[in-house]
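Undergrad: Below are the structure tokens for one structure; questions will follow.
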Amino acid sequence: MVFLSNLRERFANCHSSAWRFEAQPTYTMPGEQDELELWRAGKPMPEGFNSAWHERVSGYVERGVSMGRVRVVRRPLTEYLRHQFEWAIPGNIKAGEDIRVLDLTELDLDLPSQDFWLFDDEIVVDLNFNPDGTMINREQLENPDLSKYRKWRDTALAHAVPFHEFNAGT
């Protein structure tokens, strides 16, 4: 296993696809706390919110890399998820990501609780989190069981709906 300090090298070397399985109900990322507080207070989204990610996504898509993810949810939605659905995800989609939502409230699918990225259908990076949503590390797997990760991706995609079709209010 190789621990990665960030994923930029993986994205830079990606040729065709970058796909994420996103399963945590809350992420406690240092760079997001100020924006979360603004959202809680009912303030408007700051100008240029998440623009660095949007620029990178647009660049990847322009060079032919498909960007996608499935966001797992369970009801009731966490405060973090409500914030993401209002502020982050719409901009990510506009930048070129295909984001789908998988509501597992009443479904029991053979899917992990582990977040991961699957690059070019052959490189797996597990994202490891503490229960409070703080990141432990990013771990690029050596010789992963690709059939397992591909099956998880395919299962998630088969049961997810496009973000704009998901009704977060029910």
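Starting from 1 in every chain, residues are counted up; chains themselves are A, B, ... following the order of the structure tokens, and ligands are numbered from 1 as listed.
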Mind listing the alpha helix (DSSP H) residues of chain A, per DSSP on the backbone, as number ranges by chain?

TA: A: 8-12, 33-40, 51-62, 79-83, 89-95, 146-159

Undergrad: Based on the selection just made, write N, CA and C atoms of those residues as a compact mmCIF listing (two decimals), in the first residue's frame.

TA:
```
# COMPACT_ATOMS: atom_id res chain seq x y z
N ARG A 8 -3.76 14.71 -6.30
CA ARG A 8 -3.50 15.44 -7.55
C ARG A 8 -2.68 14.63 -8.55
N GLU A 9 -1.72 13.87 -8.08
CA GLU A 9 -0.93 13.05 -9.01
C GLU A 9 -1.80 12.00 -9.69
N ARG A 10 -2.71 11.39 -8.92
CA ARG A 10 -3.62 10.40 -9.50
C ARG A 10 -4.46 11.04 -10.60
N PHE A 11 -5.00 12.23 -10.33
CA PHE A 11 -5.81 12.92 -11.33
C PHE A 11 -4.96 13.34 -12.52
N ALA A 12 -3.76 13.82 -12.27
CA ALA A 12 -2.87 14.27 -13.35
C ALA A 12 -2.52 13.13 -14.30
N GLN A 33 -14.96 24.05 7.12
CA GLN A 33 -15.67 24.47 8.32
C GLN A 33 -16.20 25.90 8.26
N ASP A 34 -15.44 26.83 7.68
CA ASP A 34 -15.92 28.21 7.58
C ASP A 34 -17.16 28.30 6.70
N GLU A 35 -17.15 27.60 5.57
CA GLU A 35 -18.30 27.62 4.68
C GLU A 35 -19.52 26.96 5.32
N LEU A 36 -19.28 25.89 6.07
CA LEU A 36 -20.38 25.23 6.76
C LEU A 36 -21.03 26.18 7.77
N GLU A 37 -20.21 26.96 8.47
CA GLU A 37 -20.74 27.94 9.44
C GLU A 37 -21.57 29.01 8.73
N LEU A 38 -21.10 29.47 7.57
CA LEU A 38 -21.87 30.46 6.80
C LEU A 38 -23.21 29.88 6.37
N TRP A 39 -23.19 28.64 5.90
CA TRP A 39 -24.42 27.97 5.48
C TRP A 39 -25.38 27.85 6.66
N ARG A 40 -24.85 27.42 7.82
CA ARG A 40 -25.70 27.28 9.02
C ARG A 40 -26.38 28.60 9.38
N SER A 51 -14.11 26.97 -6.17
CA SER A 51 -13.67 27.24 -7.54
C SER A 51 -12.40 26.47 -7.93
N ALA A 52 -11.51 26.20 -6.98
CA ALA A 52 -10.30 25.45 -7.32
C ALA A 52 -10.66 24.05 -7.81
N TRP A 53 -11.59 23.39 -7.12
CA TRP A 53 -12.03 22.05 -7.55
C TRP A 53 -12.75 22.14 -8.89
N HIS A 54 -13.59 23.14 -9.05
CA HIS A 54 -14.34 23.28 -10.30
C HIS A 54 -13.38 23.46 -11.48
N GLU A 55 -12.34 24.25 -11.30
CA GLU A 55 -11.36 24.47 -12.37
C GLU A 55 -10.64 23.17 -12.70
N ARG A 56 -10.27 22.41 -11.67
CA ARG A 56 -9.60 21.13 -11.93
C ARG A 56 -10.53 20.17 -12.66
N VAL A 57 -11.77 20.06 -12.19
CA VAL A 57 -12.73 19.16 -12.85
C VAL A 57 -12.91 19.56 -14.31
N SER A 58 -13.12 20.83 -14.56
CA SER A 58 -13.29 21.30 -15.94
C SER A 58 -12.09 20.94 -16.79
N GLY A 59 -10.89 21.08 -16.24
CA GLY A 59 -9.68 20.72 -16.97
C GLY A 59 -9.61 19.24 -17.27
N TYR A 60 -9.96 18.40 -16.30
CA TYR A 60 -9.94 16.96 -16.53
C TYR A 60 -10.93 16.58 -17.62
N VAL A 61 -12.14 17.14 -17.53
CA VAL A 61 -13.18 16.82 -18.50
C VAL A 61 -12.75 17.30 -19.89
N GLU A 62 -12.15 18.49 -19.97
CA GLU A 62 -11.70 19.01 -21.27
C GLU A 62 -10.67 18.09 -21.93
N GLU A 79 -26.73 17.21 8.57
CA GLU A 79 -26.54 18.62 8.28
C GLU A 79 -25.48 18.80 7.20
N TYR A 80 -24.41 18.03 7.30
CA TYR A 80 -23.34 18.12 6.30
C TYR A 80 -23.88 17.82 4.89
N LEU A 81 -24.67 16.78 4.76
CA LEU A 81 -25.23 16.43 3.46
C LEU A 81 -26.15 17.52 2.93
N ARG A 82 -26.99 18.08 3.79
CA ARG A 82 -27.88 19.16 3.35
C ARG A 82 -27.04 20.33 2.82
N HIS A 83 -25.96 20.65 3.50
CA HIS A 83 -25.05 21.71 3.05
C HIS A 83 -24.45 21.36 1.69
N ILE A 89 -22.58 20.36 -4.46
CA ILE A 89 -22.86 19.45 -5.57
C ILE A 89 -23.32 20.17 -6.84
N PRO A 90 -24.22 21.17 -6.75
CA PRO A 90 -24.61 21.84 -8.00
C PRO A 90 -23.43 22.43 -8.77
N GLY A 91 -22.48 23.04 -8.09
CA GLY A 91 -21.31 23.60 -8.76
C GLY A 91 -20.41 22.52 -9.34
N ASN A 92 -20.29 21.40 -8.63
CA ASN A 92 -19.49 20.29 -9.14
C ASN A 92 -20.08 19.74 -10.43
N ILE A 93 -21.40 19.65 -10.48
CA ILE A 93 -22.06 19.17 -11.69
C ILE A 93 -21.84 20.16 -12.83
N LYS A 94 -21.99 21.43 -12.54
CA LYS A 94 -21.77 22.45 -13.57
C LYS A 94 -20.35 22.39 -14.12
N ALA A 95 -19.39 22.03 -13.27
CA ALA A 95 -18.00 21.91 -13.70
C ALA A 95 -17.75 20.67 -14.56
N LEU A 146 -9.84 -5.78 -8.35
CA LEU A 146 -10.57 -4.83 -9.18
C LEU A 146 -12.00 -5.27 -9.45
N SER A 147 -12.22 -6.57 -9.54
CA SER A 147 -13.59 -7.04 -9.80
C SER A 147 -14.52 -6.62 -8.67
N LYS A 148 -14.03 -6.61 -7.45
CA LYS A 148 -14.84 -6.20 -6.30
C LYS A 148 -15.18 -4.71 -6.39
N TYR A 149 -14.20 -3.88 -6.66
CA TYR A 149 -14.43 -2.43 -6.75
C TYR A 149 -15.32 -2.08 -7.94
N ARG A 150 -15.11 -2.75 -9.06
CA ARG A 150 -15.96 -2.52 -10.23
C ARG A 150 -17.40 -2.95 -9.95
N LYS A 151 -17.55 -4.06 -9.25
CA LYS A 151 -18.90 -4.53 -8.90
C LYS A 151 -19.58 -3.52 -7.98
N TRP A 152 -18.85 -3.00 -6.99
CA TRP A 152 -19.42 -1.99 -6.11
C TRP A 152 -19.84 -0.76 -6.91
N ARG A 153 -18.97 -0.32 -7.82
CA ARG A 153 -19.30 0.83 -8.66
C ARG A 153 -20.56 0.56 -9.47
N ASP A 154 -20.59 -0.59 -10.14
CA ASP A 154 -21.73 -0.92 -11.00
C ASP A 154 -23.02 -1.06 -10.21
N THR A 155 -22.95 -1.66 -9.03
CA THR A 155 -24.13 -1.79 -8.17
C THR A 155 -24.62 -0.42 -7.74
N ALA A 156 -23.70 0.43 -7.30
CA ALA A 156 -24.08 1.78 -6.87
C ALA A 156 -24.73 2.55 -8.01
N LEU A 157 -24.12 2.51 -9.18
CA LEU A 157 -24.67 3.23 -10.33
C LEU A 157 -26.05 2.69 -10.74
N ALA A 158 -26.24 1.38 -10.63
CA ALA A 158 -27.51 0.77 -11.03
C ALA A 158 -28.67 1.20 -10.13
N HIS A 159 -28.37 1.55 -8.87
CA HIS A 159 -29.42 1.90 -7.92
C HIS A 159 -29.50 3.39 -7.62
```

Undergrad: Env of Thr78 in chain A: 12 Å cut, atoms = only C-alpha atoms, seq-sep filter 4 positions within chain, self excluded. Answer as a PyMOL selection string.

TA: chain A and resi 24-27+72-74+82-85+133+168

Undergrad: Output the selection as a PDB file, in the first residue's frame - C-alpha atoms for each residue.

TA:
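The file below, out32.pdb, is the result:
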```pdb
ATOM      1  CA  GLN A  24     -19.624   8.904   4.894  1.00  0.00           C
ATOM      2  CA  PRO A  25     -22.605  10.793   6.351  1.00  0.00           C
ATOM      3  CA  THR A  26     -20.321  13.645   7.421  1.00  0.00           C
ATOM      4  CA  TYR A  27     -16.857  14.801   6.462  1.00  0.00           C
ATOM      5  CA  VAL A  72     -24.634   7.463  -0.513  1.00  0.00           C
ATOM      6  CA  VAL A  73     -27.273   8.848   1.841  1.00  0.00           C
ATOM      7  CA  ARG A  74     -29.509   7.578   4.585  1.00  0.00           C
ATOM      8  CA  ARG A  82     -27.876  19.161   3.345  1.00  0.00           C
ATOM      9  CA  HIS A  83     -25.048  21.712   3.048  1.00  0.00           C
ATOM     10  CA  GLN A  84     -23.376  19.712   0.277  1.00  0.00           C
ATOM     11  CA  PHE A  85     -26.627  19.306  -1.630  1.00  0.00           C
ATOM     12  CA  GLY A 133     -15.594  12.301   9.444  1.00  0.00           C
ATOM     13  CA  ALA A 168     -33.757  15.531  -0.559  1.00  0.00           C
TER      14      ALA A 168
END
```

Undergrad: To one decimal in Å, tell me the separation between CA of Asn128 in chain A and CA of Asn143 in chain A.

TA: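 Taking CA of Asn128 in chain A as the start and CA of Asn143 in chain A as the end point, the length is 18.0 Å.
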
Undergrad: What's around Asp120 in chain A at 7 Å? Count only C-alpha atoms, leave out sequence neighbours fewer than 4 positions away in its own chain, and write the answer as a list in words.

TA: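 Neighbouring residues, sequence-local ones excluded: Cys14, His15, Ser16, Ser17 and Ala18 of chain A.
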
Undergrad: Counting only C-alpha atoms, figure out which residue out of A:Ser113, A:Leu102, A:Glu142, A:Asn137 gets nearest to Phe3 in chain A.

TA: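 The answer is A:Asn137, which sits nearest to Phe3 in chain A.
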
Undergrad: For Arg63 in chain A, which residue among A:Gly96, A:Pro76, A:Pro46, A:Gly31 is the nearest when counting only C-alpha atoms?

TA: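 That would be A:Gly96, the residue with the smallest distance to Arg63 in chain A.
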